[in-house]
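Worksheet for the structure shown next.
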Amino acid sequence: MKKLYIEGNKKLIGNVLISGSKNAALPILFMTILTKEKIKIGNIPKLTDIKIAIKLLKSLGAEIIYQNKFLYINPGLINIYSPPYKLIKKIRASIWMLAPLLIRFGKTKMFFPGGCKIGTRPINLHLNGLIKLGAKIIKKENSILAYIDKPLRGQYICMEKISVGATITIMSAATLARGITTIENAAKEPEIIDIAKFLNTLGANIIGAGSNKIYIKGVLKLNGGEHQIIPDRIETGTFLIAAAISKGFITCQNTEPKHLKNVLKKLSQTGAIIKTGKNWIKLDMRNKIPKSINISTSPYPGFPTDMQPQFTLLNSIAQGKSIVIENIFENRFGYVKELIKMGAQIEIKKNYITCQGVSNLFSKNIFSTDLRGSATLVLAGCIAKGNTIVNNIYHLKRGYASFEKKLNKLGANIQYL
Ligand code: EPZ
């Protein structure tokens, strides 16, 4: 298992090019199963979860090539309806193959998905949505068998809980159903809008994505098409934190400031000077120590759970006391014990932590726990006193494209051991 060696006490200053959104690209890749025609996708981030998604599509028979920064997919060749267990278990996103495979073949056998261990992460809302549209689903110990004997039928579906993943599953299934599906209490994340835009490019009829009510009028067939993935708002937020905790100054380019309104509001409350343009964000924290801020995670447009660990790191070196409440996942404080080893004064309560800022963190041999937790620990290493080793960086590579290279360009010194 690879480790990172990180020299501490760095100020992170410069420009960073933001990659395409992981959490938009993954479902969009799997939505290509819904058509037999050729697809061209731009701004695909180069990270391990995407590589696994491509392997999964290839394992079904799809032909995929990467050329001149575009991914060319020919899903017409897909002829296998059951993807391999060993790949499905590697990523949470594999759940988004269920509906497209079911619709294409009338049947599928899937395994329960993998992904970060940040909570129980059930899939009941995905399955209930498909059942409501007319699918028959049999759950076995670790697999799911799904069948349809006629096309799915549009329905009114009110989600009992806001779920990004289940909204995506239902939206994709309803695209080729007969009649109109309404998803009430839908997730409103920018990634949902991007997926709807992609499906509409192929000929789907989806309106309302980005609001809490999405209408999908089923069409008979999807065509081919071209799509550009939106910028990664969580990668952007992570780099803004890198500057905010290191008395740094950063320009994030190729990003979408509108997708980070809540994050930027919180960052300006810490004392950072923030400027935004059409596709860039500048954050200036030179000669300043951040003020601590309280955070409470909630579905978009609320404060993102995927930025919770990074803001906890900021609070751990900020002036004052803070509370960070995690409302989405039950187990998203795994990284906190590593920060405590480095000198952070944090207490974990039930679904919240209290934090008293300290003036310095100290280098240690630490272990990454999950994707966003890993990025947080690498950033902690960049500002700690001494040289830190972060073990288990597999998680980091799953979700950030060239994270250490981008940080090194900003003045960090991070090497593989
Ligand atoms: C997506 O996960 C993202 N993953 C997560 O990003 C992100 O944290 C999360 O949305 C929330 O924004 C991907 O896009 C691959 P949910 P997802 O369904 O779809 C409960 C990262 O670091 N729930 O919105 O799994 C669930 O337990 C990752 O990039 C059910 O109860 O999240 C949670 O409490 C981590 N039943 C809440 O809903 C279900 O069937 C929200 O989960 C589904 C979810």
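Residues are named by chain letter and number: chains run A, B, ... in the order of the structure tokens, numbers start at 1 in each chain, and ligands are numbered from 1 in the order shown.
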Item to check | Residues within 9 Å of Ile157 (chain A), only C-alpha atoms, excluding chain neighbours under 4 positions, as a PyMOL selection string | outcome: chain A and resi 129+132-133+170+181-185
Next on the checklist: as an MDAnalysis selection string, please: every protein or nucleic acid residue near ligand 1 (cut-off 6 Å, counting only C-alpha atoms and all ligand atoms).
Outcome noted: chainID A and resid 23 92:93 120:126 163:166 305:306 328:329 371:372
Checklist entry - Pro190 (chain A): which residues within 9 Å, counting only C-alpha atoms, same-chain residues fewer than 5 positions away excluded, as a list in words? => result Ala24, Ile195, Ala209, Gly210, Ile230, Arg233, His259 and Tyr300 of chain A
Checklist entry - Given the choices A:Ser21, A:Gln269, A:Thr297, A:Thr369, which gets closest to Asp194 (chain A) if the distance is worked out from only C-alpha atoms? => result A:Ser21
Checklist entry - Rounded to one decimal in Å, what is the spacing between CA of Lys321 (chain A) and CA of Ile293 (chain A)? => result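 If I compute the distance from CA of Lys321 (chain A) to CA of Ile293 (chain A), I get 7.9 Å.
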Item to check | Nearest-residue call for Leu34 (chain A), choices A:Ile91, A:Leu47, A:Leu77, A:Leu176, using only C-alpha atoms | outcome: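 The shortest atom-to-atom distance to Leu34 (chain A) comes from A:Leu176.
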Checklist entry - Which polymer residues have any atom within 6 Å of an atom of Leu145 (chain A), counting only C-alpha atoms, with same-chain residues fewer than 3 positions away left out, as an MDAnalysis selection string? => result chainID A and resid 108:109 137:138
Writing out the chosen residues with C-alpha atoms as an mmCIF file, in the first residue's frame:
```cif
data_model
loop_
_atom_site.group_PDB
_atom_site.id
_atom_site.type_symbol
_atom_site.label_atom_id
_atom_site.label_comp_id
_atom_site.auth_asym_id
_atom_site.auth_seq_id
_atom_site.Cartn_x
_atom_site.Cartn_y
_atom_site.Cartn_z
ATOM 1 C CA THR A 108 -29.662 -7.886 -14.413
ATOM 2 C CA LYS A 109 -27.718 -9.407 -11.558
ATOM 3 C CA ILE A 137 -36.393 -7.136 -7.414
ATOM 4 C CA ILE A 138 -35.107 -10.113 -5.447
#
```
Next on the checklist: Give me, as a count of residues only, all polymer residues having an atom no more than 8 Å from Asn360 (chain A), counting only C-alpha atoms and skipping those fewer than 2 positions away in the same chain.
Outcome noted: 6
Item to check | Ile88 (chain A) surroundings by only C-alpha atoms, 12 Å radius, close-in-sequence under 2 positions cut, as a VMD selection string | outcome: chain A and resid 49 52 to 57 59 82 to 86 90 to 98 109 to 115 142 to 143
Item to check | All residues 6 Å or closer to Gln228 (chain A), only C-alpha atoms, same chain fewer than 3 positions away omitted, as a list in words | outcome: Ile41, Gly42 and Asn43 of chain A
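Separating CA of Thr255 (chain A) from CA of Leu283 (chain A) is a distance of 13.3 Å.
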Next on the checklist: Among region 11-155 of chain A, which residues does DSSP mark as helix (DSSP H, G or I) when it is run on the backbone? Keep the chain and numbering as in the structure and answer as a ChimeraX atom specification.
Outcome noted: /A:22-34,48-60,75-77,85-88,92-105,124-132
Item to check | Members of region 236-400 of chain A assigned strand (DSSP E or B) by DSSP, as a ChimeraX atom specification | outcome: /A:249-253,273-276,280-284,291,295-297,303,319,321-325,345-348,352-356,362,365-367,385,387-391
